[in-house]
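Structure data follow from entry-v5.cif (mmCIF, C-alpha atoms):
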data_run
loop_
_atom_site.label_atom_id
_atom_site.label_comp_id
_atom_site.auth_asym_id
_atom_site.auth_seq_id
_atom_site.Cartn_x
_atom_site.Cartn_y
_atom_site.Cartn_z
CA MET A 29 26.18 -29.91 19.56
CA THR A 30 28.76 -31.04 17.06
CA ASP A 31 31.41 -28.80 15.58
CA ILE A 32 29.99 -26.55 12.85
CA ALA A 33 32.53 -27.73 10.26
CA SER A 34 31.49 -31.37 10.71
CA ARG A 35 27.75 -30.83 10.25
CA GLY A 36 27.81 -31.06 6.49
CA TYR A 37 26.54 -27.59 5.62
CA SER A 38 27.07 -26.35 2.10
CA ASN A 39 28.47 -23.07 3.43
CA PRO A 40 29.78 -23.67 6.96
CA ASP A 41 31.66 -20.35 6.91
CA VAL A 42 28.39 -18.53 7.38
CA LEU A 43 28.21 -19.70 10.99
CA VAL A 44 30.51 -19.06 13.92
CA SER A 45 30.35 -20.69 17.34
CA THR A 46 29.91 -18.96 20.69
CA ASP A 47 33.52 -20.02 21.46
CA TRP A 48 34.72 -18.24 18.36
CA VAL A 49 32.86 -15.07 19.27
CA ALA A 50 34.19 -15.16 22.84
CA ASP A 51 37.71 -15.47 21.44
CA ASN A 52 37.23 -12.61 18.98
CA LEU A 53 35.55 -9.92 21.06
CA ASP A 54 38.47 -7.57 20.54
CA THR A 55 39.48 -8.62 17.06
CA ALA A 56 39.69 -5.70 14.63
CA GLY A 57 37.39 -5.75 11.62
CA ILE A 58 34.53 -7.51 13.39
CA ARG A 59 31.26 -6.04 14.56
CA ILE A 60 28.87 -8.09 16.64
CA VAL A 61 25.24 -7.16 16.00
CA GLU A 62 22.35 -8.26 18.19
CA SER A 63 18.88 -8.35 16.69
CA ASN A 64 15.93 -9.51 18.78
CA GLU A 65 12.23 -9.85 18.87
CA ASP A 66 12.20 -8.70 22.49
CA GLN A 67 13.35 -5.10 22.49
CA LEU A 68 14.30 -5.22 26.16
CA LEU A 69 16.90 -7.96 25.81
CA TYR A 70 19.78 -5.96 24.36
CA PRO A 71 19.55 -3.07 26.83
CA ALA A 72 19.19 -5.57 29.69
CA GLY A 73 22.48 -7.26 28.76
CA HIS A 74 24.40 -8.10 25.58
CA ILE A 75 27.69 -9.53 24.40
CA PRO A 76 30.45 -7.04 25.27
CA GLY A 77 31.01 -4.69 22.36
CA ALA A 78 27.86 -5.71 20.50
CA VAL A 79 25.59 -3.11 18.91
CA GLN A 80 21.88 -3.49 18.37
CA VAL A 81 20.00 -3.41 15.09
CA ASP A 82 16.28 -3.29 15.67
CA TRP A 83 14.01 -4.76 13.01
CA ALA A 84 11.25 -2.19 13.48
CA ALA A 85 13.22 0.97 14.20
CA ASP A 86 16.31 0.38 12.06
CA LEU A 87 15.51 -2.00 9.20
CA ASN A 88 11.99 -1.02 8.23
CA ASP A 89 11.13 2.15 6.36
CA GLN A 90 9.13 4.18 8.86
CA LEU A 91 6.47 5.22 6.36
CA ARG A 92 6.10 2.73 3.54
CA ARG A 93 5.92 -1.00 4.01
CA ASP A 94 9.45 -1.54 2.80
CA TYR A 95 13.02 -1.78 4.02
CA LEU A 96 15.37 1.09 4.52
CA ASN A 97 16.92 2.62 1.41
CA ARG A 98 20.58 2.98 0.49
CA GLU A 99 21.03 6.22 2.41
CA GLY A 100 19.35 4.73 5.45
CA PHE A 101 21.57 1.65 5.31
CA GLU A 102 24.71 3.75 4.92
CA ALA A 103 23.72 5.83 7.94
CA LEU A 104 22.99 2.69 9.99
CA MET A 105 26.38 1.21 9.09
CA SER A 106 28.18 4.47 9.74
CA ARG A 107 26.78 4.99 13.23
CA ASN A 108 27.61 1.42 14.18
CA GLY A 109 31.19 1.76 12.98
CA ILE A 110 30.80 -0.77 10.19
CA THR A 111 32.75 -0.51 6.94
CA ARG A 112 32.27 -2.47 3.75
CA ASP A 113 35.11 -4.75 4.93
CA THR A 114 33.78 -5.35 8.44
CA THR A 115 32.73 -8.90 9.18
CA VAL A 116 29.32 -8.60 10.80
CA ILE A 117 28.38 -11.33 13.27
CA PHE A 118 24.66 -11.50 13.93
CA TYR A 119 23.03 -13.09 16.95
CA GLY A 120 19.72 -12.77 18.73
CA ASP A 121 16.83 -14.35 20.57
CA ARG A 122 14.36 -16.97 19.35
CA ASN A 123 16.82 -19.33 17.60
CA ASN A 124 18.38 -16.39 15.77
CA TRP A 125 15.11 -15.67 14.01
CA TRP A 126 15.64 -11.88 14.00
CA ALA A 127 19.37 -12.27 13.50
CA CYS A 128 18.63 -14.10 10.24
CA TYR A 129 16.16 -11.40 9.30
CA ALA A 130 18.81 -8.71 9.79
CA TYR A 131 21.31 -10.87 7.90
CA TRP A 132 18.86 -11.11 5.01
CA VAL A 133 18.20 -7.34 4.93
CA PHE A 134 21.97 -6.76 4.86
CA GLN A 135 22.09 -8.93 1.72
CA LEU A 136 19.77 -6.49 -0.06
CA PHE A 137 22.78 -4.17 0.08
CA GLY A 138 25.29 -6.87 -0.72
CA HIS A 139 26.97 -6.92 2.69
CA SER A 140 27.97 -10.55 2.21
CA ASN A 141 30.77 -10.34 4.76
CA ALA A 142 28.35 -11.54 7.41
CA LYS A 143 27.88 -14.55 9.68
CA VAL A 144 25.46 -15.79 12.30
CA MET A 145 26.50 -16.98 15.76
CA ASP A 146 25.12 -20.50 16.05
CA GLY A 147 22.74 -20.86 19.00
CA GLY A 148 22.34 -17.10 19.35
CA ARG A 149 21.57 -15.48 22.66
CA GLN A 150 20.14 -18.64 24.15
CA LYS A 151 23.37 -20.62 23.85
CA TRP A 152 25.54 -17.70 24.96
CA GLU A 153 23.40 -17.31 28.09
CA GLN A 154 23.24 -21.03 28.78
CA GLU A 155 27.03 -21.15 28.72
CA GLY A 156 27.11 -18.47 31.40
CA ARG A 157 29.10 -16.07 29.26
CA ASP A 158 29.42 -12.34 29.91
CA LEU A 159 26.52 -10.01 29.22
CA VAL A 160 26.94 -6.30 29.81
CA ARG A 161 24.61 -3.31 29.81
CA GLU A 162 27.18 -0.81 28.63
CA VAL A 163 26.30 0.36 25.12
CA PRO A 164 29.51 0.75 23.10
CA THR A 165 30.15 3.65 20.76
CA TYR A 166 32.26 3.38 17.65
CA ASP A 167 33.76 6.03 15.42
CA ALA A 168 31.47 6.80 12.52
CA THR A 169 32.57 5.21 9.28
CA ASP A 170 32.20 6.26 5.71
CA TYR A 171 30.13 3.41 4.32
CA SER A 172 29.25 3.47 0.66
CA ALA A 173 26.50 0.99 -0.20
CA PRO A 174 25.29 0.03 -3.64
CA ASP A 175 21.65 0.65 -4.46
CA ARG A 176 19.42 -1.89 -2.82
CA ASN A 177 19.15 -4.94 -5.03
CA ASP A 178 16.04 -6.89 -4.09
CA ALA A 179 15.79 -9.26 -7.02
CA PRO A 180 18.19 -12.05 -5.97
CA VAL A 181 16.73 -12.70 -2.52
CA ARG A 182 13.37 -10.93 -2.30
CA ALA A 183 10.10 -11.78 -4.03
CA PHE A 184 7.16 -9.44 -4.59
CA ARG A 185 3.59 -10.56 -5.19
CA GLU A 186 3.96 -10.52 -9.00
CA ASP A 187 7.04 -12.70 -8.59
CA VAL A 188 5.05 -15.13 -6.49
CA LEU A 189 2.26 -15.30 -9.07
CA ALA A 190 4.78 -15.93 -11.85
CA HIS A 191 6.56 -18.47 -9.67
CA LEU A 192 3.26 -20.25 -9.00
CA GLU A 193 2.49 -20.28 -12.72
CA ALA A 194 5.92 -21.77 -13.42
CA GLY A 195 5.43 -24.50 -10.84
CA GLY A 196 8.14 -23.23 -8.48
CA GLN A 197 8.57 -24.48 -4.92
CA LEU A 198 6.88 -22.61 -2.08
CA VAL A 199 7.52 -23.00 1.62
CA ASP A 200 5.05 -21.74 4.20
CA VAL A 201 6.95 -21.46 7.49
CA ARG A 202 4.04 -20.36 9.70
CA SER A 203 2.39 -22.53 12.31
CA PRO A 204 0.17 -25.41 11.11
CA GLN A 205 -2.88 -23.45 12.36
CA GLU A 206 -2.00 -20.46 10.23
CA TYR A 207 -1.27 -22.72 7.24
CA SER A 208 -4.64 -24.43 7.52
CA GLY A 209 -6.42 -21.11 7.83
CA GLU A 210 -7.86 -22.02 11.21
CA ARG A 211 -6.17 -19.03 12.75
CA LEU A 212 -5.83 -15.58 11.20
CA HIS A 213 -4.60 -13.18 13.84
CA MET A 214 -5.48 -11.86 17.23
CA PRO A 215 -8.19 -9.20 17.15
CA GLU A 216 -5.84 -6.77 18.89
CA PHE A 217 -3.37 -6.97 16.00
CA PRO A 218 -5.28 -5.67 13.00
CA ASN A 219 -2.05 -4.46 11.41
CA GLU A 220 -0.82 -7.98 11.06
CA GLY A 221 -4.14 -9.44 10.04
CA ALA A 222 -5.51 -10.89 6.83
CA LEU A 223 -9.03 -11.14 5.50
CA ARG A 224 -8.62 -14.67 4.22
CA GLY A 225 -7.00 -17.68 5.85
CA GLY A 226 -5.12 -20.57 4.29
CA HIS A 227 -1.93 -20.76 2.25
CA ILE A 228 -0.57 -20.17 -1.24
CA PRO A 229 -1.46 -23.22 -3.37
CA THR A 230 1.21 -25.97 -3.49
CA ALA A 231 3.15 -24.46 -0.55
CA LYS A 232 4.72 -27.00 1.78
CA SER A 233 4.11 -26.45 5.48
CA ILE A 234 7.45 -26.44 7.28
CA PRO A 235 7.35 -24.30 10.44
CA TRP A 236 10.57 -22.31 10.60
CA ALA A 237 11.71 -23.42 14.05
CA ARG A 238 12.02 -27.04 12.94
CA ALA A 239 15.45 -26.08 11.63
CA ALA A 240 16.73 -25.38 15.14
CA ASN A 241 17.51 -27.52 18.18
CA PRO A 242 15.17 -26.24 20.90
CA GLU A 243 17.55 -27.13 23.73
CA ASP A 244 20.28 -24.68 22.70
CA GLY A 245 19.00 -22.78 19.65
CA THR A 246 21.69 -24.16 17.33
CA PHE A 247 20.93 -25.21 13.77
CA LYS A 248 20.30 -28.88 13.10
CA THR A 249 22.90 -30.77 11.09
CA ALA A 250 22.70 -30.86 7.30
CA ALA A 251 21.54 -34.49 7.42
CA GLU A 252 18.72 -33.61 9.83
CA LEU A 253 17.72 -30.61 7.71
CA GLN A 254 17.77 -32.71 4.54
CA ASP A 255 15.45 -35.16 6.24
CA ILE A 256 12.93 -32.40 6.81
CA TYR A 257 13.17 -30.25 3.68
CA LEU A 258 14.17 -32.85 1.08
CA ASN A 259 13.10 -36.32 2.20
CA GLU A 260 9.95 -35.46 4.12
CA GLN A 261 8.72 -32.47 2.11
CA GLY A 262 10.24 -33.25 -1.27
CA LEU A 263 11.93 -29.92 -1.97
CA ALA A 264 14.69 -29.98 -4.58
CA PRO A 265 17.84 -27.90 -3.93
CA ASP A 266 18.15 -27.05 -7.62
CA GLY A 267 14.54 -25.84 -7.92
CA ASP A 268 13.56 -22.18 -7.52
CA THR A 269 12.09 -21.63 -4.07
CA ILE A 270 10.11 -18.88 -2.36
CA ALA A 271 9.57 -18.87 1.41
CA TYR A 272 6.96 -16.80 3.22
CA CYS A 273 5.33 -16.38 6.63
CA ARG A 274 3.14 -13.54 7.91
CA ILE A 275 5.35 -10.48 7.45
CA GLY A 276 8.53 -12.05 6.11
CA GLU A 277 10.61 -12.39 9.26
CA ARG A 278 10.27 -16.07 10.14
CA SER A 279 10.78 -16.94 6.48
CA SER A 280 14.13 -15.15 6.42
CA HIS A 281 15.29 -17.82 8.89
CA THR A 282 14.21 -20.54 6.45
CA TRP A 283 15.78 -18.56 3.59
CA PHE A 284 19.07 -18.67 5.52
CA VAL A 285 18.79 -22.40 6.16
CA LEU A 286 17.94 -23.32 2.58
CA THR A 287 20.47 -20.97 1.00
CA HIS A 288 23.49 -21.39 3.24
CA LEU A 289 23.09 -24.62 5.15
CA LEU A 290 21.50 -26.77 2.45
CA GLY A 291 22.88 -24.99 -0.61
CA PHE A 292 19.63 -24.37 -2.47
CA GLY A 293 20.51 -22.44 -5.61
CA ASN A 294 17.76 -19.84 -5.76
CA VAL A 295 15.72 -18.96 -2.69
CA ARG A 296 13.77 -15.76 -2.29
CA ASN A 297 11.90 -14.45 0.72
CA TYR A 298 8.39 -13.11 0.02
CA ASP A 299 8.19 -10.48 2.76
CA GLY A 300 4.71 -9.38 1.73
CA SER A 301 3.81 -12.83 2.99
CA TRP A 302 0.38 -13.70 4.33
CA THR A 303 -0.51 -10.18 5.43
CA GLU A 304 -0.36 -9.24 1.76
CA TRP A 305 -1.49 -12.46 0.07
CA GLY A 306 -4.42 -13.01 2.45
CA ASN A 307 -5.68 -9.51 1.65
CA LEU A 308 -5.13 -9.49 -2.12
CA VAL A 309 -8.18 -9.60 -4.35
CA ASN A 310 -8.58 -12.66 -6.52
CA VAL A 311 -5.34 -14.51 -5.92
CA PRO A 312 -5.47 -18.28 -5.48
CA ILE A 313 -5.66 -19.65 -1.94
CA GLU A 314 -5.72 -23.21 -0.71
CA LYS A 315 -7.02 -24.43 2.61
CA MET B 26 -3.43 7.07 27.00
CA THR B 27 -5.13 6.57 30.33
CA HIS B 28 -8.30 4.49 30.52
CA GLU B 29 -11.44 5.05 32.51
CA GLY B 30 -12.25 2.76 35.39
CA ILE B 31 -8.98 0.83 35.53
CA PRO B 32 -6.75 0.65 38.64
CA GLN B 33 -5.44 4.12 39.49
CA PRO B 34 -1.77 3.07 39.86
CA LEU B 35 -1.89 1.60 36.35
CA ASN B 36 -3.32 4.83 34.96
CA GLU B 37 -0.57 6.77 36.72
CA LEU B 38 2.04 4.55 35.11
CA LEU B 39 0.43 4.93 31.66
CA ASP B 40 0.36 8.68 32.10
CA GLU B 41 4.03 8.71 33.02
CA PHE B 42 4.94 6.43 30.10
CA SER B 43 3.18 8.70 27.64
CA PHE B 44 5.86 11.35 28.24
CA LEU B 45 8.83 9.03 27.86
CA GLU B 46 11.11 8.71 24.86
CA ARG B 47 11.62 5.19 23.57
CA GLY B 48 15.01 4.81 25.26
CA GLU B 49 13.69 6.06 28.59
CA ARG B 50 10.75 3.71 28.36
CA VAL B 51 13.10 0.80 27.76
CA ASP B 52 15.16 1.74 30.84
CA TYR B 53 11.99 1.95 32.89
CA LEU B 54 10.81 -1.45 31.68
CA ILE B 55 14.15 -3.05 32.48
CA GLU B 56 14.00 -1.59 35.98
CA TYR B 57 10.67 -3.32 36.39
CA ALA B 58 12.07 -6.58 35.03
CA ASP B 59 14.92 -6.33 37.55
CA GLN B 60 12.34 -6.04 40.33
CA PHE B 61 10.42 -9.10 39.19
CA VAL B 62 9.74 -11.51 42.06
CA ASN B 63 8.99 -15.11 41.21
CA VAL B 64 5.98 -16.78 42.81
CA PRO B 65 6.97 -17.87 46.36
CA GLU B 66 7.08 -21.55 47.27
CA ARG B 67 4.20 -21.22 49.68
CA VAL B 68 1.98 -20.43 46.66
CA ALA B 69 3.46 -22.79 44.07
CA THR B 70 6.44 -25.05 43.49
CA ARG B 71 8.00 -26.40 40.30
CA PRO B 72 6.93 -28.03 38.11
CA TYR B 73 4.21 -25.44 37.84
CA PRO B 74 0.82 -26.79 36.83
CA GLU B 75 -0.14 -26.56 33.18
CA GLU B 76 -3.47 -24.89 34.00
CA ARG B 77 -1.59 -21.89 35.41
CA ARG B 78 0.45 -21.47 32.24
CA VAL B 79 -0.32 -18.48 30.04
CA LYS B 80 -1.45 -19.60 26.64
CA ARG B 81 0.51 -18.29 23.66
CA CYS B 82 3.21 -16.82 25.84
CA GLU B 83 6.52 -18.20 24.66
CA SER B 84 8.28 -16.99 27.76
CA GLN B 85 6.59 -19.79 29.73
CA ALA B 86 4.75 -17.44 32.04
CA TYR B 87 2.45 -18.65 34.84
CA VAL B 88 -0.09 -16.70 36.86
CA TRP B 89 -1.67 -17.28 40.29
CA ALA B 90 -4.11 -15.23 42.34
CA GLU B 91 -4.52 -15.08 46.12
CA ASP B 92 -7.78 -13.74 47.51
CA HIS B 93 -7.31 -10.92 49.97
CA ASP B 94 -9.70 -9.20 52.31
CA GLY B 95 -12.02 -6.66 50.83
CA GLY B 96 -12.62 -8.68 47.69
CA THR B 97 -9.26 -7.93 46.10
CA GLN B 98 -6.53 -10.22 44.82
CA LYS B 99 -2.76 -10.42 44.91
CA TYR B 100 -1.31 -11.75 41.66
CA TRP B 101 1.79 -13.91 41.51
CA PHE B 102 3.81 -14.75 38.46
CA ALA B 103 6.54 -17.07 37.22
CA VAL B 104 8.52 -16.60 34.02
CA GLU B 105 10.55 -19.69 33.24
CA ASN B 106 12.28 -18.54 30.05
CA PRO B 107 15.44 -16.64 31.08
CA GLN B 108 15.07 -14.54 27.92
CA GLY B 109 11.50 -13.58 28.82
CA ILE B 110 12.46 -10.13 29.99
CA SER B 111 9.43 -8.32 28.57
CA ALA B 112 7.21 -10.88 30.26
CA LYS B 113 9.00 -10.32 33.58
CA SER B 114 8.69 -6.60 33.17
CA PHE B 115 4.97 -6.76 32.43
CA CYS B 116 4.33 -9.15 35.33
CA ALA B 117 6.19 -6.82 37.69
CA ILE B 118 4.11 -3.89 36.41
CA LEU B 119 0.87 -5.80 36.89
CA ASP B 120 1.84 -6.81 40.40
CA ASP B 121 2.80 -3.23 41.21
CA THR B 122 -0.26 -1.56 39.74
CA VAL B 123 -3.05 -4.15 39.63
CA SER B 124 -2.63 -6.39 42.68
CA GLY B 125 -5.00 -5.11 45.34
CA ALA B 126 -7.30 -3.26 42.93
CA SER B 127 -11.02 -3.94 42.88
CA LEU B 128 -12.04 -6.85 40.66
CA ASP B 129 -14.20 -4.53 38.64
CA GLU B 130 -11.24 -2.28 37.87
CA VAL B 131 -9.09 -5.28 36.95
CA LEU B 132 -11.71 -6.47 34.50
CA ARG B 133 -11.89 -3.08 32.81
CA ILE B 134 -8.24 -3.06 31.76
CA PRO B 135 -8.20 -3.08 27.95
CA GLY B 136 -5.66 -5.08 25.95
CA ASP B 137 -4.42 -1.76 24.57
CA VAL B 138 -2.34 -1.24 27.71
CA VAL B 139 0.19 -3.68 26.27
CA PHE B 140 0.83 -1.23 23.42
CA ASP B 141 0.61 1.78 25.71
CA ILE B 142 3.42 0.28 27.76
CA PHE B 143 5.57 -1.54 25.21
CA GLY B 144 4.90 0.59 22.14
CA LYS B 145 3.12 -0.10 18.90
CA GLU B 146 6.22 -1.64 17.38
CA ILE B 147 6.24 -4.84 19.42
CA SER B 148 5.84 -7.93 17.31
CA MET B 149 2.57 -9.76 17.13
CA GLY B 150 4.02 -12.81 18.87
CA LYS B 151 5.35 -10.77 21.77
CA GLY B 152 2.11 -8.82 22.03
CA GLU B 153 0.06 -11.99 22.10
CA GLY B 154 2.09 -13.41 24.96
CA LEU B 155 1.81 -10.23 27.02
CA LEU B 156 -1.89 -9.99 26.35
CA GLY B 157 -2.16 -13.59 27.49
CA ILE B 158 -0.67 -12.63 30.87
CA LEU B 159 -3.23 -9.86 31.30
CA THR B 160 -6.02 -12.19 30.20
CA SER B 161 -4.94 -14.77 32.79
CA VAL B 162 -5.03 -12.15 35.55
CA GLN B 163 -8.49 -11.11 34.41
CA MET B 164 -9.64 -14.73 34.35
CA PHE B 165 -8.87 -14.97 38.07
CA ALA B 166 -10.67 -11.70 38.71
CA ARG B 167 -13.68 -12.90 36.72
CA GLU B 168 -13.83 -16.18 38.66
CA ALA B 169 -13.60 -14.37 41.97
CA ALA B 170 -16.26 -11.85 40.95
CA ALA B 171 -18.62 -14.69 40.01
CA ARG B 172 -18.28 -16.47 43.35
CA PRO B 173 -21.33 -16.30 45.64
CA GLY B 174 -20.93 -13.48 48.10
CA ALA B 175 -18.46 -11.65 45.93
#

Please express what this file holds, its structure, as structure tokens.
Amino acid sequence: MTDIASRGYSNPDVLVSTDWVADNLDTAGIRIVESNEDQLLYPAGHIPGAVQVDWAADLNDQLRRDYLNREGFEALMSRNGITRDTTVIFYGDRNNWWACYAYWVFQLFGHSNAKVMDGGRQKWEQEGRDLVREVPTYDATDYSAPDRNDAPVRAFREDVLAHLEAGGQLVDVRSPQEYSGERLHMPEFPNEGALRGGHIPTAKSIPWARAANPEDGTFKTAAELQDIYLNEQGLAPDGDTIAYCRIGERSSHTWFVLTHLLGFGNVRNYDGSWTEWGNLVNVPIEK
Amino acid sequence: MTHEGIPQPLNELLDEFSFLERGERVDYLIEYADQFVNVPERVATRPYPEERRVKRCESQAYVWAEDHDGGTQKYWFAVENPQGISAKSFCAILDDTVSGASLDEVLRIPGDVVFDIFGKEISMGKGEGLLGILTSVQMFAREAAARPGA
């Protein structure tokens, strides 16, 4: 894969390479954070010094369908030795899907001093780099977060309805089968199910993983991404955009791509996504 | 958390898991993943045939069954994705607790065991893949049970 700086991204600083991470394992002011779909991966071996942030146990509110609140975020940062000035480097499995999700949740609290390791776990492993099982401990910090500010990057159902009314751009990042409504969910997963299948009217179908190179998990170049999102699907970088999937995790990956790699001006992630929309009474659906 | 009529070793494992904290459960599962043994060459060689591949499992898992005396089966697995650690763990558990059980017991295993073992918080995608592994094992058991003389 080409050098990150030469790939034409609008904000190349938001990515670091595996080489960079390997060279900065002991650099002060950096915290490496692993976030995975597979909860066994981190304990089975992780980048030396990395801590784990788990999407279900750490980022979600344990009672309401929502994210953690300010106090919860402060406590999470404190126990992982992160200060407001720490540069957080996210990486994880599945083309950094969950790493981007964690990155996005951190933005609800304005922790913009954050980057993603291009290629994630897959590339690090493929390069034969060190993975350790030792879980590091860091001195607790005194982290003072602002109140969670959802509006800039998160859309709720009323926002989606208003956005639809206004003719805004929508991106459905689920599989083509989910988009068409052919597939709802597995019977064993009622919690992630929906009563109706299909997609939000006018949404473009762009499965999230198209933004990544399957061979090493790195992001495609800006030109390749423009081919998909702009030329093929006709999205406009200066138009307001909302991305969604089933519960809002895959779409945070697309949110990251559109916002930071392609420089879209206003992208929000609708984390209610299909599990909310497909269960709402009397909202428009297209098949 | 145990289930009636399923292989006894699996019930024993479920019983044990029900007393474990999340962190302990994770350690246990990793131990199983470390013990995972890939299908031997006498049973299958790469490239593994598509019909043995578990549908909807993104860890590229494959399942085989060998018929043993007494109408039981030994299950073999391959997990081709190096990051497929949950898949390896589950395959090792199935081999340890389900290989050698009666076909009837194998067929009674409910999909819920995936949650009993991995916890309710696993993602839908991960759960689907693991369920797919169990379903593949049960497909072999069902075929064997339907054979004349079985």

Of the candidates B:Gly150, B:Val162, B:Gln98, B:Glu66, which one gets nearest to B:Cys116 if we count only C-alpha atoms? B:Val162

Test item: residues at most 12 Å from A:Gln154, all atoms listed in the file, excluding those fewer than 5 positions along its chain, as a list in words: Thr46, Gly147, Gly148, Arg149, Leu159, Glu243, Asp244, Gly245 and Thr246 of chain A; Asn106, Pro107 and Gln108 of chain B

Tell me as a PyMOL selection string which residues belonging to chain A come within 12 Å of chain B, counting only C-alpha atoms. chain A and resi 64-74+82-86+88+90+120-123+126+148-154+156+161+202-203+212-221+243+274-275+277-278

Determine the residue set returned by the PyMOL selection byres ((chain A and resi 179-194) around 12) for the present structure, and present it as number ranges by chain. A: 94-95, 129, 131-138, 175-178, 195-199, 228-231, 267-272, 276-277, 279-280, 283-284, 286-287, 293-313

Taking 3 positions as the minimum chain separation for residues in the same chain, which residues sit within 12 Å of stretch 47-50 of chain A when counting all atoms listed in the file? Answer as JSON, numbers by chain. {"A": [31, 32, 43, 44, 53, 54, 55, 58, 59, 60, 61, 75, 76, 77, 78, 115, 116, 117, 118, 119, 143, 144, 145, 146, 147, 148, 149, 151, 152, 155, 156, 157, 158, 159]}

To one decimal in Å, tell me the separation between atom CA of A:Asp167 and atom CA of A:Glu99.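 Rounded to one decimal, the two atoms are 18.2 Å apart.
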
Within 9 Å of B:Val64, counting all atoms listed in the file, which residues qualify if same-chain residues fewer than 4 places away don't, as a PyMOL selection string? chain B and resi 68-70+87-89+100-103
